[in-house]
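> mmCIF, C-alpha atoms and all ligand atoms, saved as run21.cif, coming up:
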data_model
loop_
_atom_site.label_atom_id
_atom_site.label_comp_id
_atom_site.auth_asym_id
_atom_site.auth_seq_id
_atom_site.Cartn_x
_atom_site.Cartn_y
_atom_site.Cartn_z
CA MET A 1 67.85 -134.03 13.61
CA LYS A 2 68.41 -135.00 9.96
CA LYS A 3 69.52 -131.46 9.13
CA ILE A 4 72.03 -131.28 11.98
CA GLU A 5 73.43 -134.73 11.17
CA LYS A 6 74.11 -133.64 7.60
CA LYS A 7 75.70 -130.44 8.84
CA LEU A 8 78.00 -132.38 11.18
CA LEU A 9 78.99 -134.69 8.32
CA PHE A 10 79.74 -131.75 6.04
CA LYS A 11 81.87 -130.01 8.68
CA MET A 12 83.90 -133.12 9.49
CA LEU A 13 84.43 -133.84 5.78
CA ARG A 14 85.53 -130.26 5.22
CA ILE A 15 88.17 -130.46 7.97
CA ARG A 16 89.35 -133.90 6.78
CA ASN A 17 89.71 -132.77 3.16
CA ILE A 18 91.44 -129.52 4.07
CA GLU A 19 93.97 -131.40 6.20
CA GLN A 20 94.43 -134.04 3.50
CA ALA A 21 95.19 -131.22 1.04
CA ILE A 22 97.79 -129.86 3.48
CA ALA A 23 99.32 -133.35 3.72
CA ASP A 24 99.30 -133.80 -0.07
CA ASN A 25 100.91 -130.40 -0.73
CA TYR A 26 103.47 -130.54 2.07
CA LYS A 27 106.12 -132.19 -0.13
CA PHE A 28 106.30 -129.08 -2.34
CA GLN A 29 108.01 -127.32 0.59
CA LYS A 30 105.97 -124.16 0.32
CA MET A 31 104.59 -124.74 3.80
CA ARG A 32 107.72 -124.69 5.95
CA CYS A 33 106.14 -124.84 9.42
CA PRO A 34 105.58 -128.12 11.28
CA VAL A 35 101.99 -129.39 10.96
CA HIS A 36 100.17 -131.52 13.57
CA LEU A 37 97.17 -132.89 11.71
CA SER A 38 93.88 -133.84 13.37
CA ILE A 39 92.88 -136.41 10.74
CA GLY A 40 90.79 -138.97 12.68
CA GLN A 41 90.10 -136.53 15.52
CA GLU A 42 87.50 -134.30 13.82
CA ALA A 43 84.48 -135.26 15.93
CA PRO A 44 85.25 -133.41 19.21
CA ALA A 45 85.86 -130.11 17.41
CA VAL A 46 82.76 -130.37 15.22
CA GLY A 47 80.36 -131.83 17.83
CA ILE A 48 81.23 -129.27 20.52
CA MET A 49 81.59 -126.21 18.29
CA GLU A 50 78.12 -126.72 16.83
CA ASN A 51 76.80 -125.69 20.27
CA LEU A 52 78.88 -122.52 20.57
CA ARG A 53 77.96 -118.98 19.60
CA LYS A 54 80.29 -116.62 17.77
CA ASN A 55 81.03 -114.74 21.01
CA ASP A 56 82.00 -117.90 22.86
CA LYS A 57 85.74 -118.36 22.69
CA ILE A 58 88.15 -121.23 22.27
CA VAL A 59 91.82 -121.78 22.90
CA THR A 60 93.80 -124.70 21.55
CA ALA A 61 97.30 -126.10 21.22
CA HIS A 62 99.67 -127.42 18.53
CA ARG A 63 96.98 -129.70 16.95
CA SER A 64 94.74 -126.76 16.20
CA HIS A 65 93.43 -126.87 12.61
CA ALA A 66 90.20 -128.75 13.37
CA HIS A 67 89.33 -126.43 16.28
CA TYR A 68 90.09 -123.28 14.29
CA LEU A 69 88.03 -124.41 11.30
CA ALA A 70 85.09 -125.78 13.31
CA LYS A 71 84.83 -122.48 15.22
CA GLY A 72 84.60 -120.60 11.93
CA GLY A 73 88.22 -119.50 11.54
CA ASN A 74 88.94 -118.12 8.07
CA LEU A 75 90.30 -120.85 5.75
CA ASN A 76 92.16 -118.53 3.37
CA SER A 77 94.00 -116.86 6.27
CA MET A 78 94.87 -120.26 7.74
CA ILE A 79 96.37 -121.68 4.53
CA ALA A 80 98.21 -118.39 3.91
CA GLU A 81 99.58 -118.59 7.47
CA LEU A 82 100.91 -122.10 6.80
CA HIS A 83 102.69 -120.63 3.75
CA GLY A 84 104.23 -117.85 5.90
CA LYS A 85 102.44 -115.11 3.95
CA SER A 86 101.49 -111.66 5.26
CA SER A 87 97.81 -112.38 4.51
CA GLY A 88 97.95 -115.21 7.08
CA CYS A 89 95.97 -115.07 10.31
CA ALA A 90 99.19 -114.39 12.30
CA LYS A 91 100.63 -112.22 9.49
CA GLY A 92 102.80 -115.11 8.36
CA LYS A 93 104.90 -115.15 11.52
CA GLY A 94 103.14 -117.87 13.52
CA GLY A 95 102.59 -120.86 11.26
CA SER A 96 100.30 -123.80 11.94
CA MET A 97 100.79 -123.76 15.72
CA HIS A 98 99.76 -120.13 16.30
CA LEU A 99 96.44 -119.88 14.52
CA ILE A 100 94.18 -117.08 15.67
CA ASP A 101 90.92 -115.52 14.47
CA LEU A 102 89.55 -113.08 17.03
CA GLU A 103 86.43 -112.37 14.99
CA ALA A 104 85.50 -116.06 14.98
CA GLY A 105 86.35 -116.47 18.68
CA VAL A 106 89.59 -118.39 18.18
CA SER A 107 91.55 -116.57 20.89
CA ALA A 108 94.82 -118.47 20.86
CA ALA A 109 96.74 -121.56 19.81
CA VAL A 110 100.06 -122.15 21.56
CA PRO A 111 102.28 -125.22 21.17
CA ILE A 112 103.94 -125.16 24.59
CA VAL A 113 102.08 -128.16 25.97
CA GLY A 114 99.52 -127.10 28.60
CA SER A 115 100.20 -123.39 28.18
CA THR A 116 96.84 -122.40 26.71
CA ILE A 117 94.94 -123.94 29.63
CA PRO A 118 95.58 -120.99 32.01
CA ILE A 119 95.12 -118.54 29.12
CA GLY A 120 91.62 -119.96 28.57
CA VAL A 121 90.86 -119.80 32.29
CA GLY A 122 92.01 -116.16 32.32
CA ILE A 123 89.69 -115.31 29.42
CA SER A 124 86.76 -116.97 31.18
CA TRP A 125 87.53 -115.03 34.37
CA ASN A 126 87.43 -111.83 32.33
CA MET A 127 84.03 -112.89 30.92
CA LYS A 128 82.69 -113.52 34.38
CA LEU A 129 83.95 -110.21 35.77
CA ARG A 130 82.30 -108.42 32.85
CA LYS A 131 79.09 -110.39 33.46
CA MET A 132 79.15 -111.74 29.92
CA LYS A 133 76.99 -114.77 29.16
CA ASN A 134 79.62 -116.58 27.08
CA ILE A 135 81.94 -119.46 27.77
CA VAL A 136 85.47 -120.52 26.90
CA VAL A 137 86.30 -123.99 25.62
CA ILE A 138 89.89 -125.13 26.19
CA PHE A 139 91.11 -127.99 23.96
CA PHE A 140 94.20 -130.00 24.95
CA GLY A 141 95.68 -133.48 24.65
CA ASP A 142 96.21 -136.21 27.25
CA GLY A 143 99.88 -135.16 27.53
CA ALA A 144 98.87 -131.66 28.67
CA THR A 145 97.09 -133.10 31.73
CA GLU A 146 100.55 -134.08 33.03
CA GLU A 147 101.63 -130.45 33.28
CA GLY A 148 101.24 -128.85 36.72
CA VAL A 149 99.47 -125.87 35.22
CA PHE A 150 96.54 -128.12 34.27
CA LEU A 151 95.82 -128.79 37.96
CA GLU A 152 96.40 -125.17 38.96
CA SER A 153 93.97 -124.04 36.26
CA LEU A 154 91.29 -126.51 37.37
CA ASP A 155 91.65 -125.23 40.92
CA PHE A 156 91.37 -121.59 39.90
CA ALA A 157 88.34 -122.27 37.67
CA SER A 158 86.63 -124.15 40.50
CA LEU A 159 87.45 -121.51 43.13
CA HIS A 160 86.04 -118.69 41.00
CA SER A 161 83.25 -120.78 39.48
CA LEU A 162 84.21 -119.88 35.92
CA PRO A 163 82.26 -120.48 32.69
CA VAL A 164 84.77 -122.82 31.11
CA LEU A 165 84.66 -126.22 29.43
CA PHE A 166 87.93 -128.18 29.61
CA VAL A 167 88.16 -130.69 26.74
CA CYS A 168 90.80 -133.41 26.81
CA GLU A 169 91.17 -135.18 23.46
CA ASN A 170 92.77 -138.41 24.58
CA ASN A 171 94.49 -140.03 21.59
CA HIS A 172 96.44 -142.16 24.11
CA PHE A 173 99.88 -141.03 22.91
CA SER A 174 102.19 -138.13 23.56
CA VAL A 175 104.34 -138.28 20.42
CA TYR A 176 105.42 -141.97 20.68
CA SER A 177 104.77 -142.53 24.42
CA PRO A 178 101.64 -144.41 25.40
CA LEU A 179 99.60 -143.43 28.46
CA SER A 180 100.81 -146.61 30.19
CA ASN A 181 104.42 -145.29 30.16
CA ARG A 182 103.43 -141.89 31.49
CA GLN A 183 100.61 -142.21 33.96
CA SER A 184 99.57 -144.48 36.81
CA LYS A 185 96.81 -146.89 35.75
CA LYS A 186 94.67 -145.47 38.51
CA ARG A 187 94.96 -141.87 37.30
CA ASP A 188 91.55 -140.60 36.26
CA ILE A 189 91.31 -136.94 35.30
CA ILE A 190 87.54 -136.84 35.86
CA LYS A 191 88.03 -138.03 39.43
CA ILE A 192 90.89 -135.55 39.87
CA ALA A 193 88.63 -132.73 38.64
CA LYS A 194 85.78 -133.90 40.89
CA ALA A 195 88.11 -133.81 43.89
CA ILE A 196 88.78 -130.14 43.00
CA GLY A 197 85.04 -129.46 42.72
CA ILE A 198 84.59 -129.70 38.95
CA SER A 199 82.02 -132.00 37.36
CA GLY A 200 83.13 -134.15 34.46
CA SER A 201 81.97 -136.63 31.87
CA LYS A 202 83.36 -139.04 29.31
CA ILE A 203 82.01 -139.36 25.76
CA HIS A 204 83.30 -141.50 22.90
CA GLY A 205 85.54 -139.13 20.98
CA ASN A 206 84.65 -140.54 17.56
CA ASP A 207 80.88 -140.34 18.01
CA VAL A 208 80.07 -136.86 16.77
CA LEU A 209 76.31 -137.12 17.38
CA SER A 210 76.76 -138.14 20.96
CA ILE A 211 79.33 -135.37 21.47
CA TYR A 212 76.93 -132.86 19.91
CA LYS A 213 73.93 -133.92 22.01
CA LYS A 214 75.74 -134.29 25.34
CA SER A 215 77.89 -131.19 25.01
CA LYS A 216 74.76 -129.16 24.22
CA LYS A 217 73.40 -129.92 27.70
CA ILE A 218 76.79 -129.40 29.32
CA ILE A 219 77.34 -126.03 27.61
CA ASN A 220 73.82 -124.85 28.50
CA ASN A 221 74.51 -125.84 32.10
CA ILE A 222 77.82 -123.96 32.19
CA LYS A 223 76.07 -120.86 30.81
CA ARG A 224 73.15 -121.14 33.24
CA ASN A 225 75.13 -121.86 36.40
CA THR A 226 78.55 -120.34 35.56
CA LYS A 227 80.38 -123.50 36.61
CA PRO A 228 83.29 -125.30 34.95
CA HIS A 229 83.09 -128.81 33.52
CA ILE A 230 85.63 -131.24 32.09
CA LEU A 231 85.05 -133.58 29.14
CA LEU A 232 87.22 -136.57 28.32
CA LEU A 233 87.05 -137.87 24.75
CA ASP A 234 88.93 -140.98 23.62
CA THR A 235 90.02 -140.76 20.00
CA PHE A 236 92.78 -141.66 17.53
CA ARG A 237 95.10 -139.71 15.23
CA HIS A 238 95.52 -141.40 11.85
CA LEU A 239 98.88 -139.91 10.92
CA GLU A 240 102.24 -139.31 12.60
CA HIS A 241 102.45 -136.93 15.59
CA CYS A 242 103.86 -134.14 13.46
CA GLY A 243 103.93 -134.15 9.67
CA PRO A 244 101.95 -135.36 6.67
CA ASN A 245 102.86 -139.06 6.76
CA ASN A 246 101.63 -142.30 8.18
CA ASP A 247 104.13 -143.76 10.67
CA ASN A 248 102.56 -147.14 11.39
CA HIS A 249 105.79 -148.90 10.38
CA LEU A 250 107.40 -147.60 13.59
CA ASN A 251 105.19 -150.02 15.55
CA TYR A 252 104.68 -147.85 18.63
CA ARG A 253 100.97 -148.56 18.15
CA SER A 254 100.02 -152.20 17.59
CA LYS A 255 98.45 -153.32 14.31
CA ASN A 256 95.29 -154.43 16.16
CA TYR A 257 94.99 -151.10 17.93
CA ILE A 258 95.34 -149.21 14.63
CA ARG A 259 92.86 -151.49 12.83
CA LYS A 260 90.30 -151.17 15.64
CA TRP A 261 90.41 -147.38 15.52
CA LEU A 262 90.52 -147.09 11.71
CA ASP A 263 87.36 -149.23 11.62
CA ASN A 264 85.83 -146.65 13.92
CA CYS A 265 86.47 -143.56 11.81
CA PRO A 266 84.09 -140.75 12.86
CA ILE A 267 83.39 -139.71 9.27
CA GLN A 268 82.88 -143.19 7.82
CA ASN A 269 80.59 -144.09 10.74
CA LEU A 270 78.32 -141.09 10.27
CA LYS A 271 78.39 -141.38 6.47
CA LYS A 272 77.28 -145.03 6.62
CA LYS A 273 74.55 -144.24 9.13
CA LEU A 274 73.12 -141.37 7.08
CA LEU A 275 73.24 -143.37 3.84
CA ARG A 276 71.56 -146.35 5.52
CA ASN A 277 68.75 -144.14 6.86
CA LYS A 278 68.49 -142.38 3.47
CA PHE A 279 69.18 -139.03 5.20
CA VAL A 280 71.79 -138.33 2.56
CA THR A 281 72.53 -139.67 -0.95
CA HIS A 282 75.87 -140.49 -2.59
CA ALA A 283 75.21 -137.59 -4.97
CA GLN A 284 74.80 -135.16 -2.07
CA ILE A 285 78.07 -136.33 -0.55
CA LYS A 286 79.75 -135.84 -3.93
CA ASN A 287 78.32 -132.31 -3.95
CA TYR A 288 79.80 -131.64 -0.50
CA GLU A 289 83.18 -132.90 -1.71
CA ASN A 290 83.09 -130.67 -4.81
CA LYS A 291 82.13 -127.60 -2.81
CA ILE A 292 84.94 -128.24 -0.32
CA SER A 293 87.43 -128.94 -3.10
CA ASN A 294 86.69 -125.57 -4.74
CA GLU A 295 87.14 -123.81 -1.42
CA ILE A 296 90.49 -125.56 -0.89
CA LYS A 297 91.74 -124.74 -4.40
CA PHE A 298 90.92 -121.08 -3.86
CA ALA A 299 92.67 -121.03 -0.46
CA PHE A 300 95.90 -122.50 -1.89
CA LYS A 301 95.79 -120.09 -4.81
CA TYR A 302 95.25 -117.18 -2.41
CA ALA A 303 98.24 -118.32 -0.33
CA ASN A 304 100.43 -118.69 -3.41
CA ILE A 305 99.71 -115.22 -4.78
CA SER A 306 100.00 -113.54 -1.35
CA LYS A 307 103.26 -111.81 -0.43
CA PHE A 308 105.73 -112.71 2.29
CA PRO A 309 105.86 -110.21 5.18
CA GLU A 310 108.16 -107.25 4.63
CA LYS A 311 111.38 -107.16 6.64
CA LYS A 312 110.30 -104.01 8.50
CA TYR A 313 107.44 -105.96 10.13
CA LEU A 314 109.70 -108.79 11.28
CA LEU A 315 109.78 -107.73 14.94
CA LYS A 316 106.31 -106.15 15.11
CA ASN A 317 103.92 -107.91 17.52
CA ILE A 318 106.71 -110.18 18.72
CA TYR A 319 106.79 -110.36 22.52
CA ALA A 320 109.28 -113.10 23.34
C1 LIG B 1 106.14 -128.01 27.69
C2 LIG B 1 106.40 -128.82 26.45
N1 LIG B 1 107.02 -130.00 26.54
C3 LIG B 1 107.25 -130.74 25.42
C4 LIG B 1 106.87 -130.27 24.20
C5 LIG B 1 107.11 -131.13 22.93
N2 LIG B 1 105.80 -131.68 22.52
C6 LIG B 1 105.10 -131.10 21.53
S1 LIG B 1 103.63 -131.87 21.28
C7 LIG B 1 103.94 -133.01 22.46
C8 LIG B 1 102.95 -134.11 22.77
C9 LIG B 1 101.73 -133.61 23.41
O1 LIG B 1 100.85 -134.67 23.59
P1 LIG B 1 99.33 -134.40 23.86
O2 LIG B 1 99.17 -133.25 24.80
O3 LIG B 1 98.70 -135.68 24.28
O4 LIG B 1 98.75 -133.91 22.46
P2 LIG B 1 98.72 -134.69 21.05
O5 LIG B 1 99.99 -134.33 20.35
O6 LIG B 1 98.59 -136.14 21.33
O7 LIG B 1 97.54 -134.12 20.35
C10 LIG B 1 105.19 -132.78 23.06
C11 LIG B 1 105.76 -133.60 24.14
C12 LIG B 1 106.25 -129.02 24.13
N3 LIG B 1 105.83 -128.50 22.97
N4 LIG B 1 105.99 -128.32 25.28
#
Before we go any further, please render this structure as C-alpha cells.
Ligand SMILES: Cc1ncc(C[n+]2csc(CCOP(=O)(O)OP(=O)(O)O)c2C)c(N)n1


Amino acid sequence: MKKIEKKLLFKMLRIRNIEQAIADNYKFQKMRCPVHLSIGQEAPAVGIMENLRKNDKIVTAHRSHAHYLAKGGNLNSMIAELHGKSSGCAKGKGGSMHLIDLEAGVSAAVPIVGSTIPIGVGISWNMKLRKMKNIVVIFFGDGATEEGVFLESLDFASLHSLPVLFVCENNHFSVYSPLSNRQSKKRDIIKIAKAIGISGSKIHGNDVLSIYKKSKKIINNIKRNTKPHILLLDTFRHLEHCGPNNDNHLNYRSKNYIRKWLDNCPIQNLKKKLLRNKFVTHAQIKNYENKISNEIKFAFKYANISKFPEKKYLLKNIYA
C-alpha cells in the first residue's frame, strides 16, 4: 500500500504543479485559450485512473487537464496545444478545452456542457459490440447533470448494459451559481440513476485513497458484469471558474465554506499522512517536486520553440 500511496501523491503533485505553472505563465499572453483549472480537484482523476488500463478510455469536458494527465496524456503536446502550436495534441486548433490523446485513451474533451456524456456512452457501446473487455469513464461536473442528455445517456447505458463509469465531480457550483439555486434540495443523482437501473455510490472527492480503493472494486465489477455505475464525488475548485486567478473576493462562496475546503486539500492531507507514518520523507517530496519542475520547464520550452500551424491546415479536420 505504501508504494501506491506514494504514487498517488506524486501524480496529484504533478498535476497541481503543472496547473500552477499554467496559472503563473498565463499573464505572458502566450496561451490565448481559456483555461479551466482543476487545482483542488486532483483526487478523482488520480484515484480512478490508477485503476484503468491503457486501452480503457476516458472522455471529459472543459475542466480536462487533470483527467488528461492522470490517464497518461502527453504533457509536451498538452502545453503546446495551450500555446496554439502545431505540435499540440489537437494540432494547435483546439486549445485547453479540446485535449485528446488517442494513444493514452483520452478519446475526447468537449466544452459544451454535457456533450461528452453521450459520446462516452457511444464509445462504450462500440466496445461492447466488439466484445472488448475495456471500459469508458465519463467525467463531468454537477452542472452537466442538469442537461437532458445526461438522463438520456443513463437510460441508454442501462438498457444496453454498457461498460461505463459515470463520474460526477460535484464542486457545488456552475460558474457562480450554487446547487441550491439550480436544483431541488431533494434531487439526488444516485437515486435518479438507480430508478433507471444503474447502481451508484458516493465517495469523498478529496480522499484519493478511498477513491482509489473503492473505484478499484467498482471498475472490476463493471468489467466482470458489463454494467454501468455512477460515482458522485464532492470536491472544491481552488481558483475561479475559468482563468488563473483566485476570485474569493466576489463572495459567491462564503469565507467559512472556502476555509473548510482549503483545510481539506487532497494533496496536503495525503502528504501529512505519509509524513506522519514515515512512508515518505521531506527530501523525497523535494525530489518529486524537482523532477516535476524539470518536466514542466521542458514542456514550456518545447511549446515556445514549436511553430504555429500553417495557414493551409486551418480548415483541415474541422467539422463544424
Ligand atoms: C450547453 C452549455 N451551456 C452553458 C455553457 C457555459 N458553461 C461553460 S462551463 C459551465 C459550468 C459547468 O458547470 P459544471 O458542469 O458543474 O462544471 P465545473 O465548471 O463546475 O467543473 C457553463 C455554464 C456551455 N459551455 N455549454

> Hey, which of A:Leu37, A:Leu314, A:Leu209, A:Ile258 ends up closest to A:Lys271? Count only C-alpha atoms.

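Looking only at the distances to A:Lys271, the closest residue turns out to be A:Leu209.
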
> With distances taken over all atoms listed in the file, which of A:Ile112, A:Met78, A:Ala90, A:Ile285 is nearest to ligand LIG 1 (chain B)?

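Closest to ligand LIG 1 (chain B) of all the choices is A:Ile112.
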
> From the options A:Val280, A:Arg63, A:Cys168, A:His249, which residue's atoms come nearest to A:Pro111, counting only C-alpha atoms?

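Of A:Val280, A:Arg63, A:Cys168, A:His249, the one nearest A:Pro111, counting only C-alpha atoms, is A:Arg63.
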
> Please build the interface table for chain A against ligand LIG 1 (chain B) with a cut-off of 6 Å, listing for each qualifying residue the nearest atom pair and the distance in Å to one decimal; count all atoms listed in the file, order rows by chain and increasing number, and write it as CSV.


residue,atom,partner,partner_atom,distance
A:Arg63,CA,B:LIG1,O7,5.6
A:Pro111,CA,B:LIG1,N3,5.2
A:Ile112,CA,B:LIG1,N4,3.8
A:Val113,CA,B:LIG1,N4,4.0
A:Phe140,CA,B:LIG1,O2,5.9
A:Gly141,CA,B:LIG1,O2,3.5
A:Asp142,CA,B:LIG1,O3,3.9
A:Gly143,CA,B:LIG1,O2,3.4
A:Ala144,CA,B:LIG1,O2,4.2
A:Asn171,CA,B:LIG1,O6,5.7
A:Phe173,CA,B:LIG1,O6,5.3
A:Ser174,CA,B:LIG1,O1,3.7
A:Val175,CA,B:LIG1,C8,5.0
A:His241,CA,B:LIG1,O5,6.0

> Distance atom CA of A:Ala108-atom CA of A:Val59, one decimal place?

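Atom-to-atom, atom CA of A:Ala108 to atom CA of A:Val59, that is 4.9 Å.
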
> Using all atoms listed in the file, which residue out of A:Gly95, A:Gly105, A:Pro228, A:Gly84 lies closest to A:Gly72?

A:Gly105

> A:Asn245, A:Ser96, A:Ser153, A:Ser87: which is nearest A:Val121, counting all atoms listed in the file?

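Ranked by minimum distance to A:Val121, first place goes to A:Ser153.
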
> Can you tell me, as JSON, the centre and edge lengths (Å, one decimal) of the axis-aligned box enclosing all of stretch 171-186 of chain A's listed atoms after padding each side by 8 Å?


{"center_x": 100.0, "center_y": -142.5, "center_z": 29.5, "size_x": 26.9, "size_y": 24.8, "size_z": 34.1}

> Using all atoms listed in the file, which of A:Arg14, A:His62, A:His36, A:Lys191 sits nearest A:Leu75?

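Closest to A:Leu75 of all the choices is A:Arg14.
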
> Residues near stretch 18-33 of chain A, anyone? I mean within 12 Å using all atoms listed in the file, not counting same-chain ones fewer than 2 positions away, as number ranges by chain.

A: 11-16, 35-42, 62-66, 69-70, 75-76, 78-85, 92-98, 238-240, 242-246, 289, 291-300, 303-304, 308

> What does the distance between atom CA of A:Glu50 and atom CA of A:Ile135 come to in Å, to one decimal place?

13.7 Å

> How far is it from atom CA of A:Ser215 to atom CA of A:Leu274, in Å with one decimal?

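Computing it gives 21.2 Å between the two atoms.
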
> Taking the point (73.8, -130.6, 23.9) as given in the file, collect each protein or nucleic acid residue that comes within 10 Å of it, counting all atoms listed in the file, and present the set as an MDAnalysis selection string.

chainID A and resid 47:48 50:51 209:221

> Take the point (93.3, -116.4, 12.4) in the file's coordinates, draw a sphere of radius 8 Å around it, and report as a list in words every protein, DNA or RNA residue with an atom inside or on it, counting only C-alpha atoms.

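The answer, in the requested form, is Tyr68, Gly73, Asn74, Ser77, Met78, Gly88, Cys89, Ala90, Leu99, Ile100, Asp101, Leu102 and Val106 of chain A.
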
> Residues at most 12 Å from A:Ser161, counting only C-alpha atoms, excluding those fewer than 6 positions away in the same chain, as a list in words?

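Answer for this query is Val121, Ser124, Trp125, Met127, Lys128, Leu129, Ile135, Ser153, Leu154, Asp155, Ile196, Gly197, Ile198, Ser199, Ile222, Lys223, Arg224, Asn225, Thr226, Lys227, Pro228 and His229 of chain A.
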